[in-house]
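Asker: File name work-v7.cif; file contents mmCIF, C-alpha atoms; full text below.
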data_start
loop_
_atom_site.label_atom_id
_atom_site.label_comp_id
_atom_site.auth_asym_id
_atom_site.auth_seq_id
_atom_site.Cartn_x
_atom_site.Cartn_y
_atom_site.Cartn_z
CA MET A 1 -17.78 5.44 -12.59
CA THR A 2 -20.35 6.51 -10.04
CA GLU A 3 -20.39 10.02 -8.73
CA ALA A 4 -19.03 10.45 -5.24
CA VAL A 5 -21.57 12.85 -3.85
CA GLY A 6 -21.62 13.61 -0.18
CA PRO A 7 -24.79 14.28 1.78
CA GLY A 8 -26.36 17.39 0.28
CA GLY A 9 -23.53 17.49 -2.22
CA ALA A 10 -23.61 19.15 -5.58
CA GLY A 11 -25.93 17.58 -8.14
CA GLY A 12 -24.04 14.61 -9.43
CA THR A 13 -23.97 15.65 -13.07
CA GLY A 14 -20.87 16.88 -14.76
CA GLY A 15 -17.34 16.73 -13.43
CA ALA A 16 -16.04 18.13 -10.20
CA GLY A 17 -14.90 21.24 -12.05
CA ASP A 18 -18.54 21.89 -12.90
CA ALA A 19 -19.49 21.56 -9.26
CA ALA A 20 -16.69 23.91 -8.29
CA LEU A 21 -18.07 26.55 -10.64
CA ARG A 22 -21.60 26.27 -9.30
CA ASP A 23 -20.77 26.06 -5.65
CA PRO A 24 -18.64 28.93 -4.34
CA ALA A 25 -17.29 26.89 -1.38
CA PRO A 26 -17.18 23.24 -2.43
CA ARG A 27 -13.94 22.54 -0.58
CA ASP A 28 -14.15 20.16 2.28
CA PRO A 29 -13.13 22.13 5.41
CA GLY A 30 -11.28 19.03 6.62
CA LEU A 31 -9.17 19.13 3.41
CA GLN A 32 -9.67 15.40 2.93
CA PRO A 33 -8.59 15.31 -0.74
CA GLU A 34 -5.41 17.24 0.08
CA ARG A 35 -4.63 14.96 2.98
CA THR A 36 -5.15 11.95 0.79
CA ARG A 37 -2.91 13.46 -1.88
CA LEU A 38 -0.18 13.98 0.70
CA ALA A 39 -0.64 10.41 1.90
CA TRP A 40 0.03 9.24 -1.66
CA ARG A 41 3.09 11.50 -1.77
CA ARG A 42 4.43 10.02 1.46
CA THR A 43 3.85 6.57 0.07
CA THR A 44 5.79 7.36 -3.13
CA LEU A 45 8.66 8.65 -0.98
CA THR A 46 8.70 5.42 1.02
CA CYS A 47 8.63 3.49 -2.24
CA THR A 48 11.58 5.54 -3.48
CA VAL A 49 13.60 4.64 -0.39
CA ALA A 50 12.81 0.94 -0.83
CA ALA A 51 13.64 1.05 -4.55
CA VAL A 52 16.93 2.86 -3.94
CA LEU A 53 17.91 0.27 -1.35
CA GLY A 54 16.96 -2.42 -3.87
CA ALA A 55 19.06 -0.86 -6.63
CA ARG A 56 21.95 -0.51 -4.20
CA ALA A 57 21.66 -4.17 -3.22
CA ALA A 58 21.57 -5.18 -6.88
CA LEU A 59 24.68 -3.22 -7.84
CA HIS A 60 26.62 -3.84 -4.63
CA ASP A 61 27.77 -7.34 -5.52
CA GLY A 62 29.29 -6.31 -8.83
CA ALA A 63 27.64 -6.02 -12.22
CA SER A 64 26.37 -9.46 -13.15
CA VAL A 65 23.49 -10.01 -15.56
CA VAL A 66 21.14 -11.05 -12.75
CA ALA A 67 22.03 -7.93 -10.77
CA ALA A 68 21.42 -5.67 -13.75
CA VAL A 69 18.04 -7.29 -14.44
CA ALA A 70 17.05 -7.05 -10.78
CA CYS A 71 18.10 -3.41 -10.63
CA ALA A 72 16.10 -2.62 -13.78
CA LEU A 73 13.10 -4.46 -12.34
CA CYS A 74 13.28 -2.47 -9.09
CA LEU A 75 13.38 0.79 -11.02
CA LEU A 76 10.55 -0.36 -13.29
CA LEU A 77 8.39 -1.23 -10.29
CA TRP A 78 9.21 2.13 -8.76
CA LEU A 79 8.18 3.89 -11.98
CA GLY A 80 4.99 1.84 -12.06
CA PHE A 81 4.17 2.88 -8.53
CA LEU A 82 4.91 6.51 -9.38
CA ALA A 83 2.60 6.33 -12.40
CA VAL A 84 -0.24 4.83 -10.36
CA ALA A 85 0.25 7.43 -7.63
CA HIS A 86 0.45 10.28 -10.12
CA ARG A 87 -2.81 9.28 -11.77
CA ARG A 88 -4.55 9.08 -8.43
CA MET A 89 -3.09 12.38 -7.24
CA THR A 90 -4.32 14.07 -10.41
CA ALA A 91 -7.78 12.64 -9.78
CA LEU A 92 -7.67 13.95 -6.22
CA THR A 93 -7.38 17.57 -7.35
CA ALA A 94 -11.16 17.51 -7.87
CA ALA A 95 -13.21 19.09 -5.08
CA ARG A 96 -15.21 15.88 -4.62
CA PRO A 97 -12.99 13.11 -5.92
CA HIS A 98 -14.21 9.66 -6.87
CA PRO A 99 -13.37 6.86 -4.48
CA LEU A 100 -10.18 4.93 -5.17
CA GLY A 101 -10.57 2.33 -7.92
CA ARG A 102 -9.87 -1.32 -7.17
CA ARG A 103 -7.43 -1.63 -10.04
CA THR A 104 -5.42 1.31 -8.74
CA ALA A 105 -5.29 -0.18 -5.25
CA THR A 106 -4.38 -3.61 -6.57
CA ALA A 107 -1.72 -2.16 -8.88
CA ALA A 108 -0.09 -0.26 -6.01
CA ALA A 109 -0.09 -3.35 -3.78
CA VAL A 110 1.23 -5.55 -6.61
CA CYS A 111 4.12 -3.14 -7.21
CA THR A 112 4.93 -3.34 -3.49
CA GLY A 113 4.73 -7.13 -3.41
CA ALA A 114 6.80 -7.48 -6.58
CA LEU A 115 9.48 -5.27 -5.05
CA ALA A 116 9.64 -7.67 -2.11
CA VAL A 117 9.89 -10.68 -4.44
CA CYS A 118 12.66 -8.89 -6.31
CA ALA A 119 14.40 -8.27 -2.99
CA ALA A 120 14.12 -11.93 -2.01
CA ALA A 121 15.60 -12.96 -5.37
CA LEU A 122 18.51 -10.55 -4.81
CA ILE A 123 19.21 -11.72 -1.28
CA LEU A 124 19.17 -15.43 -2.07
CA MET B 125 -9.69 -18.89 3.61
CA SER B 126 -12.78 -18.98 1.38
CA THR B 127 -13.66 -15.44 2.42
CA PHE B 128 -10.20 -14.44 1.31
CA VAL B 129 -10.74 -16.04 -2.11
CA GLN B 130 -14.10 -14.32 -2.36
CA SER B 131 -12.62 -10.92 -1.63
CA LEU B 132 -9.75 -11.73 -4.00
CA ARG B 133 -12.35 -12.09 -6.71
CA LEU B 134 -13.79 -8.72 -5.72
CA TRP B 135 -10.44 -6.97 -6.30
CA PHE B 136 -10.79 -7.56 -9.99
CA ALA B 137 -14.52 -6.94 -10.34
CA PRO B 138 -14.99 -3.31 -9.38
CA GLU B 139 -18.33 -3.00 -11.15
CA ARG B 140 -19.96 -5.64 -8.99
CA ALA B 141 -19.09 -3.85 -5.77
CA ARG B 142 -20.15 -0.49 -7.16
CA GLN B 143 -23.66 -1.71 -7.79
CA GLU B 144 -24.20 -3.00 -4.32
CA GLY B 145 -25.40 -0.74 -1.51
CA GLU B 146 -25.01 3.00 -1.81
CA THR B 147 -21.94 5.13 -2.38
CA PRO B 148 -20.71 6.38 1.00
CA ASP B 149 -19.77 9.99 1.68
CA TYR B 150 -16.61 10.68 -0.30
CA ARG B 151 -14.81 11.71 2.90
CA PHE B 152 -15.26 8.22 4.32
CA SER B 153 -13.91 6.72 1.11
CA LEU B 154 -10.90 9.01 1.27
CA ALA B 155 -10.28 8.14 4.92
CA ASN B 156 -10.39 4.46 3.95
CA GLU B 157 -7.93 5.20 1.15
CA ARG B 158 -5.52 6.91 3.56
CA THR B 159 -5.66 3.92 5.88
CA PHE B 160 -4.84 1.72 2.89
CA LEU B 161 -1.89 3.95 2.04
CA ALA B 162 -0.64 3.87 5.62
CA TRP B 163 -0.62 0.07 5.49
CA LEU B 164 1.13 0.19 2.14
CA ARG B 165 3.79 2.44 3.65
CA THR B 166 4.19 -0.05 6.46
CA ALA B 167 4.69 -2.77 3.87
CA LEU B 168 7.25 -0.67 1.98
CA ALA B 169 9.08 0.10 5.22
CA LEU B 170 9.26 -3.61 6.04
CA ILE B 171 10.61 -4.33 2.56
CA GLY B 172 13.15 -1.52 2.94
CA GLY B 173 14.09 -3.03 6.30
CA GLY B 174 14.65 -6.38 4.61
CA PHE B 175 17.03 -4.78 2.10
CA ALA B 176 18.75 -2.88 4.90
CA VAL B 177 19.32 -5.99 7.03
CA ASP B 178 20.89 -7.70 4.05
CA GLN B 179 23.18 -4.79 3.24
CA PHE B 180 24.05 -3.13 6.51
CA LEU B 181 24.66 -6.22 8.65
CA PRO B 182 27.27 -7.91 6.44
CA ASP B 183 29.16 -9.42 9.38
CA LEU B 184 26.32 -11.75 10.30
CA ARG B 185 26.36 -15.37 9.37
CA TRP B 186 24.69 -15.90 6.01
CA GLY B 187 21.79 -17.95 7.39
CA VAL B 188 20.90 -15.48 10.14
CA ARG B 189 21.09 -12.48 7.85
CA VAL B 190 19.03 -14.05 5.08
CA GLY B 191 16.53 -15.42 7.59
CA LEU B 192 15.92 -12.01 9.14
CA ALA B 193 15.74 -10.30 5.75
CA LEU B 194 13.30 -12.87 4.38
CA ALA B 195 11.11 -12.60 7.49
CA LEU B 196 10.88 -8.83 6.99
CA LEU B 197 10.20 -9.20 3.26
CA ALA B 198 7.50 -11.82 3.85
CA ALA B 199 5.88 -9.54 6.43
CA GLY B 200 5.99 -6.75 3.83
CA VAL B 201 4.27 -8.86 1.18
CA LEU B 202 1.60 -10.02 3.64
CA CYS B 203 1.08 -6.44 4.75
CA ALA B 204 0.58 -5.20 1.17
CA LEU B 205 -1.88 -7.97 0.30
CA ARG B 206 -3.74 -7.46 3.52
CA ALA B 207 -3.89 -3.70 2.87
CA VAL B 208 -5.89 -4.25 -0.31
CA ASN B 209 -8.03 -6.92 1.28
CA HIS B 210 -8.90 -4.79 4.28
CA TRP B 211 -9.57 -1.75 2.11
CA VAL B 212 -11.97 -3.75 -0.08
CA ARG B 213 -13.78 -5.15 2.94
CA CYS B 214 -14.08 -1.73 4.58
CA GLU B 215 -15.47 -0.23 1.40
CA GLN B 216 -17.99 -3.03 1.11
CA ALA B 217 -19.04 -2.65 4.73
CA MET B 218 -19.53 1.09 4.24
CA ARG B 219 -21.63 0.48 1.15
CA ARG B 220 -23.82 -2.02 2.96
CA GLY B 221 -24.00 0.12 6.11
CA GLU B 222 -22.46 -2.65 8.21
CA ASP B 223 -19.85 -2.40 10.95
CA LEU B 224 -16.28 -2.16 9.74
CA PRO B 225 -14.51 -5.55 9.74
CA ALA B 226 -12.54 -6.43 12.85
CA SER B 227 -9.02 -7.69 12.25
CA ARG B 228 -6.36 -9.64 14.10
CA PHE B 229 -3.70 -8.56 11.66
CA PRO B 230 -2.35 -5.49 13.51
CA ALA B 231 -1.72 -7.57 16.64
CA LEU B 232 -0.13 -10.33 14.54
CA LEU B 233 2.14 -7.88 12.72
CA GLY B 234 3.07 -6.26 16.01
CA VAL B 235 4.14 -9.61 17.45
CA VAL B 236 6.14 -10.48 14.30
CA VAL B 237 7.92 -7.11 14.30
CA ALA B 238 8.67 -7.46 18.02
CA VAL B 239 10.11 -10.95 17.51
CA VAL B 240 12.28 -9.80 14.60
CA ALA B 241 13.45 -6.78 16.59
CA VAL B 242 14.41 -8.94 19.59
CA ALA B 243 16.19 -11.37 17.26
CA MET B 244 18.15 -8.48 15.74
CA VAL B 245 19.12 -7.12 19.16
CA VAL B 246 20.32 -10.56 20.23
CA VAL B 247 22.20 -11.09 16.97
CA VAL B 248 23.85 -7.67 17.02
CA VAL B 249 24.75 -7.71 20.73
CA PHE B 250 26.13 -11.25 20.79
CA GLY B 251 27.61 -10.85 17.32
CA TRP B 252 27.16 -14.20 15.62
CA GLU B 253 29.71 -13.48 12.99
CA GLY B 254 30.12 -15.63 9.96
#
What would the structure in this file look like if it were written as C-alpha coordinates?

Answerer:
Amino acid sequence: MTEAVGPGGAGGTGGAGDAALRDPAPRDPGLQPERTRLAWRRTTLTCTVAAVLGARAALHDGASVVAAVACALCLLLWLGFLAVAHRRMTALTAARPHPLGRRTATAAAVCTGALAVCAAALIL
Amino acid sequence: MSTFVQSLRLWFAPERARQEGETPDYRFSLANERTFLAWLRTALALIGGGFAVDQFLPDLRWGVRVGLALALLAAGVLCALRAVNHWVRCEQAMRRGEDLPASRFPALLGVVVAVVAVAMVVVVVFGWEG
(Lines of atoms letter the chains of each structure in order from A and count residues from 1; the text may use other names and numbers.)
(Lines give C-alpha, C1' and ligand atoms only; values in the text may rest on other atoms or scores of the structure.)
Protein backbone atom coordinates (compact mmCIF):
# COMPACT_ATOMS: atom_id res chain seq x y z
CA MET A 1 0.00 0.00 0.00
CA THR A 2 1.25 3.46 -0.81
CA GLU A 3 0.86 6.26 1.65
CA ALA A 4 -1.86 8.75 0.84
CA VAL A 5 -0.08 11.95 1.69
CA GLY A 6 -1.59 15.25 0.74
CA PRO A 7 0.45 18.26 -0.31
CA GLY A 8 2.63 19.19 2.66
CA GLY A 9 1.14 16.25 4.53
CA ALA A 10 2.72 14.44 7.41
CA GLY A 11 5.86 12.47 6.61
CA GLY A 12 4.61 9.30 5.06
CA THR A 13 6.15 6.91 7.56
CA GLY A 14 4.12 5.08 10.12
CA GLY A 15 0.35 4.80 10.26
CA ALA A 16 -2.16 7.59 10.37
CA GLY A 17 -2.29 7.26 14.15
CA ASP A 18 1.39 8.21 14.21
CA ALA A 19 0.67 11.27 12.10
CA ALA A 20 -2.19 12.20 14.40
CA LEU A 21 0.16 12.15 17.37
CA ARG A 22 2.75 14.33 15.70
CA ASP A 23 0.43 16.82 14.11
CA PRO A 24 -1.95 18.52 16.55
CA ALA A 25 -4.51 19.36 13.81
CA PRO A 26 -4.29 16.67 11.13
CA ARG A 27 -8.03 16.63 10.51
CA ASP A 28 -9.15 17.79 7.14
CA PRO A 29 -11.36 20.87 7.73
CA GLY A 30 -13.65 19.62 4.96
CA LEU A 31 -14.17 16.38 6.96
CA GLN A 32 -13.64 14.32 3.81
CA PRO A 33 -13.04 10.99 5.60
CA GLU A 34 -16.20 11.46 7.68
CA ARG A 35 -18.23 12.35 4.63
CA THR A 36 -16.92 9.30 2.85
CA ARG A 37 -17.75 7.14 5.86
CA LEU A 38 -21.29 8.46 5.86
CA ALA A 39 -21.52 7.80 2.12
CA TRP A 40 -20.63 4.17 2.83
CA ARG A 41 -23.28 4.11 5.57
CA ARG A 42 -25.92 5.45 3.20
CA THR A 43 -24.92 2.84 0.68
CA THR A 44 -25.26 0.01 3.23
CA LEU A 45 -28.74 1.32 4.10
CA THR A 46 -29.75 1.28 0.44
CA CYS A 47 -28.35 -2.23 0.17
CA THR A 48 -30.40 -3.24 3.21
CA VAL A 49 -33.59 -1.97 1.56
CA ALA A 50 -32.81 -3.87 -1.64
CA ALA A 51 -31.96 -7.06 0.28
CA VAL A 52 -35.13 -6.85 2.38
CA LEU A 53 -37.22 -6.44 -0.77
CA GLY A 54 -35.37 -9.44 -2.22
CA ALA A 55 -36.03 -11.59 0.84
CA ARG A 56 -39.67 -10.53 0.78
CA ALA A 57 -39.95 -11.47 -2.89
CA ALA A 58 -38.33 -14.83 -2.18
CA LEU A 59 -40.66 -15.72 0.68
CA HIS A 60 -43.81 -14.19 -0.79
CA ASP A 61 -44.59 -17.05 -3.15
CA GLY A 62 -44.50 -19.70 -0.45
CA ALA A 63 -41.54 -21.64 0.88
CA SER A 64 -40.12 -23.64 -2.00
CA VAL A 65 -36.50 -24.79 -2.12
CA VAL A 66 -35.63 -22.25 -4.81
CA ALA A 67 -37.17 -19.44 -2.77
CA ALA A 68 -35.26 -20.46 0.36
CA VAL A 69 -31.97 -20.60 -1.56
CA ALA A 70 -32.64 -17.23 -3.20
CA CYS A 71 -33.53 -15.68 0.15
CA ALA A 72 -30.34 -17.06 1.72
CA LEU A 73 -28.32 -15.77 -1.23
CA CYS A 74 -29.81 -12.27 -0.87
CA LEU A 75 -28.95 -12.21 2.82
CA LEU A 76 -25.46 -13.56 2.13
CA LEU A 77 -24.84 -10.85 -0.46
CA TRP A 78 -26.12 -8.27 1.98
CA LEU A 79 -23.74 -9.57 4.66
CA GLY A 80 -20.90 -9.52 2.15
CA PHE A 81 -21.64 -5.91 1.31
CA LEU A 82 -21.82 -5.04 5.01
CA ALA A 83 -18.44 -6.69 5.61
CA VAL A 84 -16.81 -4.81 2.74
CA ALA A 85 -18.33 -1.53 3.92
CA HIS A 86 -17.34 -2.15 7.52
CA ARG A 87 -13.73 -2.79 6.58
CA ARG A 88 -13.60 0.37 4.53
CA MET A 89 -15.32 2.43 7.23
CA THR A 90 -12.78 1.21 9.78
CA ALA A 91 -9.98 2.23 7.43
CA LEU A 92 -11.57 5.66 7.04
CA THR A 93 -11.21 6.46 10.74
CA ALA A 94 -7.58 7.37 10.00
CA ALA A 95 -6.87 11.09 9.65
CA ARG A 96 -5.38 10.57 6.19
CA PRO A 97 -6.93 7.38 4.89
CA HIS A 98 -5.54 5.34 2.02
CA PRO A 99 -7.42 5.54 -1.24
CA LEU A 100 -10.07 2.89 -1.85
CA GLY A 101 -8.63 -0.43 -3.00
CA ARG A 102 -9.70 -1.91 -6.31
CA ARG A 103 -10.68 -5.21 -4.74
CA THR A 104 -12.95 -3.43 -2.27
CA ALA A 105 -14.63 -1.46 -5.06
CA THR A 106 -14.99 -4.54 -7.23
CA ALA A 107 -16.36 -6.59 -4.32
CA ALA A 108 -18.99 -3.96 -3.54
CA ALA A 109 -20.06 -3.74 -7.18
CA VAL A 110 -20.11 -7.54 -7.55
CA CYS A 111 -22.38 -7.84 -4.49
CA THR A 112 -24.71 -5.29 -6.09
CA GLY A 113 -24.69 -7.05 -9.46
CA ALA A 114 -25.22 -10.47 -7.88
CA LEU A 115 -28.21 -9.11 -5.98
CA ALA A 116 -29.71 -8.04 -9.32
CA VAL A 117 -29.03 -11.47 -10.84
CA CYS A 118 -30.67 -13.05 -7.80
CA ALA A 119 -33.64 -10.74 -8.30
CA ALA A 120 -33.94 -11.68 -11.96
CA ALA A 121 -33.87 -15.38 -11.03
CA LEU A 122 -36.65 -14.78 -8.48
CA ILE A 123 -38.83 -12.82 -10.87
CA LEU A 124 -38.59 -15.28 -13.75
CA MET B 1 -15.12 -2.20 -26.20
CA SER B 2 -11.37 -2.91 -26.05
CA THR B 3 -10.90 -0.01 -23.65
CA PHE B 4 -13.52 -1.62 -21.46
CA VAL B 5 -11.61 -4.92 -21.49
CA GLN B 6 -8.41 -3.06 -20.70
CA SER B 7 -9.94 -1.33 -17.71
CA LEU B 8 -11.54 -4.63 -16.69
CA ARG B 9 -8.04 -6.02 -16.44
CA LEU B 10 -7.05 -3.05 -14.30
CA TRP B 11 -9.76 -3.83 -11.73
CA PHE B 12 -7.88 -6.92 -10.71
CA ALA B 13 -4.35 -5.55 -10.93
CA PRO B 14 -4.20 -2.82 -8.31
CA GLU B 15 -0.42 -2.87 -8.07
CA ARG B 16 0.02 -1.89 -11.70
CA ALA B 17 -2.08 1.23 -11.34
CA ARG B 18 -0.41 2.18 -8.08
CA GLN B 19 2.99 2.33 -9.71
CA GLU B 20 1.94 4.63 -12.47
CA GLY B 21 1.89 8.40 -12.04
CA GLU B 22 1.80 9.89 -8.56
CA THR B 23 -0.65 9.40 -5.73
CA PRO B 24 -3.17 12.25 -5.83
CA ASP B 25 -4.18 14.25 -2.77
CA TYR B 26 -6.16 11.90 -0.54
CA ARG B 27 -9.12 14.30 -0.61
CA PHE B 28 -9.45 13.84 -4.36
CA SER B 29 -9.34 10.08 -3.94
CA LEU B 30 -12.05 10.27 -1.30
CA ALA B 31 -14.20 12.50 -3.49
CA ASN B 32 -13.82 9.94 -6.28
CA GLU B 33 -14.81 7.22 -3.83
CA ARG B 34 -17.96 9.11 -2.82
CA THR B 35 -18.93 9.50 -6.45
CA PHE B 36 -18.46 5.76 -6.86
CA LEU B 37 -20.68 5.14 -3.84
CA ALA B 38 -23.35 7.49 -5.17
CA TRP B 39 -23.45 5.48 -8.40
CA LEU B 40 -23.57 2.27 -6.41
CA ARG B 41 -26.56 3.63 -4.47
CA THR B 42 -28.21 4.47 -7.77
CA ALA B 43 -27.63 0.89 -8.87
CA LEU B 44 -29.06 -0.47 -5.61
CA ALA B 45 -32.08 1.82 -5.91
CA LEU B 46 -32.72 0.56 -9.44
CA ILE B 47 -32.48 -3.03 -8.22
CA GLY B 48 -34.83 -2.25 -5.33
CA GLY B 49 -37.17 -0.68 -7.89
CA GLY B 50 -37.07 -3.88 -9.92
CA PHE B 51 -38.08 -5.91 -6.86
CA ALA B 52 -40.77 -3.37 -6.02
CA VAL B 53 -42.31 -3.44 -9.51
CA ASP B 54 -42.50 -7.21 -9.31
CA GLN B 55 -44.12 -7.22 -5.88
CA PHE B 56 -46.26 -4.12 -5.65
CA LEU B 57 -47.83 -4.19 -9.12
CA PRO B 58 -49.30 -7.71 -8.99
CA ASP B 59 -52.32 -6.81 -11.12
CA LEU B 60 -50.23 -6.22 -14.23
CA ARG B 61 -50.00 -8.78 -16.95
CA TRP B 62 -47.06 -11.10 -16.35
CA GLY B 63 -45.12 -9.99 -19.43
CA VAL B 64 -45.40 -6.28 -18.71
CA ARG B 65 -44.49 -6.66 -15.06
CA VAL B 66 -41.49 -8.89 -15.71
CA GLY B 67 -40.36 -6.70 -18.60
CA LEU B 68 -40.36 -3.56 -16.46
CA ALA B 69 -38.68 -5.32 -13.55
CA LEU B 70 -35.98 -6.81 -15.77
CA ALA B 71 -35.33 -3.43 -17.42
CA LEU B 72 -34.77 -1.87 -13.99
CA LEU B 73 -32.58 -4.76 -12.85
CA ALA B 74 -30.48 -4.64 -16.02
CA ALA B 75 -30.05 -0.89 -15.57
CA GLY B 76 -28.93 -1.59 -11.99
CA VAL B 77 -26.31 -4.12 -13.07
CA LEU B 78 -25.01 -1.79 -15.80
CA CYS B 79 -24.88 1.05 -13.31
CA ALA B 80 -22.86 -0.98 -10.79
CA LEU B 81 -20.36 -2.17 -13.41
CA ARG B 82 -20.05 1.29 -14.82
CA ALA B 83 -19.51 2.70 -11.32
CA VAL B 84 -16.35 0.63 -10.88
CA ASN B 85 -15.19 1.32 -14.41
CA HIS B 86 -15.62 5.07 -14.09
CA TRP B 87 -13.98 5.10 -10.66
CA VAL B 88 -10.94 3.23 -12.02
CA ARG B 89 -10.66 5.57 -14.99
CA CYS B 90 -10.98 8.68 -12.81
CA GLU B 91 -8.30 7.40 -10.46
CA GLN B 92 -6.00 6.68 -13.37
CA ALA B 93 -6.60 10.11 -14.87
CA MET B 94 -5.81 11.75 -11.54
CA ARG B 95 -2.61 9.77 -11.23
CA ARG B 96 -1.51 10.73 -14.71
CA GLY B 97 -2.61 14.35 -14.28
CA GLU B 98 -5.00 14.08 -17.22
CA ASP B 99 -8.53 15.44 -17.57
CA LEU B 100 -11.22 13.33 -15.98
CA PRO B 101 -12.94 11.01 -18.48
CA ALA B 102 -16.08 12.32 -20.13
CA SER B 103 -19.04 9.96 -20.11
CA ARG B 104 -22.31 9.51 -21.96
CA PHE B 105 -23.62 7.16 -19.31
CA PRO B 106 -25.53 9.67 -17.13
CA ALA B 107 -27.51 10.89 -20.15
CA LEU B 108 -28.15 7.29 -21.25
CA LEU B 109 -29.32 6.25 -17.78
CA GLY B 110 -31.52 9.33 -17.59
CA VAL B 111 -33.22 8.41 -20.86
CA VAL B 112 -33.70 4.78 -19.76
CA VAL B 113 -35.19 5.82 -16.40
CA ALA B 114 -37.47 8.32 -18.15
CA VAL B 115 -38.68 5.66 -20.60
CA VAL B 116 -39.35 3.16 -17.81
CA ALA B 117 -41.15 5.81 -15.79
CA VAL B 118 -43.38 6.77 -18.73
CA ALA B 119 -44.07 3.08 -19.39
CA MET B 120 -45.08 2.62 -15.75
CA VAL B 121 -47.38 5.65 -15.83
CA VAL B 122 -49.04 4.36 -18.99
CA VAL B 123 -49.36 0.85 -17.57
CA VAL B 124 -50.75 2.00 -14.23
CA VAL B 125 -53.16 4.59 -15.67
CA PHE B 126 -54.56 2.38 -18.42
CA GLY B 127 -54.38 -0.69 -16.21
CA TRP B 128 -53.36 -3.54 -18.47
CA GLU B 129 -54.51 -6.17 -16.08
CA GLY B 130 -53.65 -9.78 -16.53

Asker: The PyMOL selection byres ((chain A and resi 77-92) around 10) - which residues does that actually catch in the file I just gave you? List them as JSON, numbers by chain.

Answerer: {"A": [16, 32, 33, 34, 35, 36, 37, 38, 39, 40, 41, 43, 44, 45, 47, 48, 49, 50, 51, 52, 71, 72, 73, 74, 75, 76, 93, 94, 95, 96, 97, 98, 99, 100, 101, 103, 104, 105, 107, 108, 109, 110, 111, 112, 113, 114, 115, 118], "B": [154]}

Asker: Could the residues of chain B within 6 Å of chain A, counting all atoms listed in the file, be given as JSON, numbers by chain, please?

Answerer: {"B": [135, 138, 149, 150, 153, 158, 165, 171, 172, 197, 201, 204]}

Asker: To one decimal place in Å, what is the distance between CA of Gln130 in chain B and CA of Arg151 in chain B?

Answerer: 26.6 Å

Asker: Could you state the separation of CA of Ala199 in chain B and CA of Gly174 in chain B in Å, given to one decimal place?

Answerer: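 CA of Ala199 in chain B sits 9.5 Å away from CA of Gly174 in chain B.
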
Asker: How far is it from CA of Phe152 in chain B to CA of Met218 in chain B, in Å with one decimal?

Answerer: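 Atom-to-atom, CA of Phe152 in chain B to CA of Met218 in chain B, that is 8.3 Å.
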
Asker: Once the PyMOL selection byres ((chain B and resi 235-250) around 8) has been evaluated on this model, what residues remain selected, and can you format them as a count of residues only?

Answerer: 11

Asker: Calculated over only C-alpha atoms, which of the candidates B:Ala226, B:Leu161, B:Val188, B:Ala217 has the smallest distance to Glu146 in chain B?

Answerer: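 That would be B:Ala217, the residue with the smallest distance to Glu146 in chain B.
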
Asker: Taking (-15.9, -2.2, 1.1) in the file's own coordinates, collect the residues within 12 Å, counting only C-alpha atoms, and hand them back as an MDAnalysis selection string.

Answerer: (chainID A and resid 99:102) or (chainID B and resid 131 134:135 138 140:148 152:153 156:157 160 208:225)
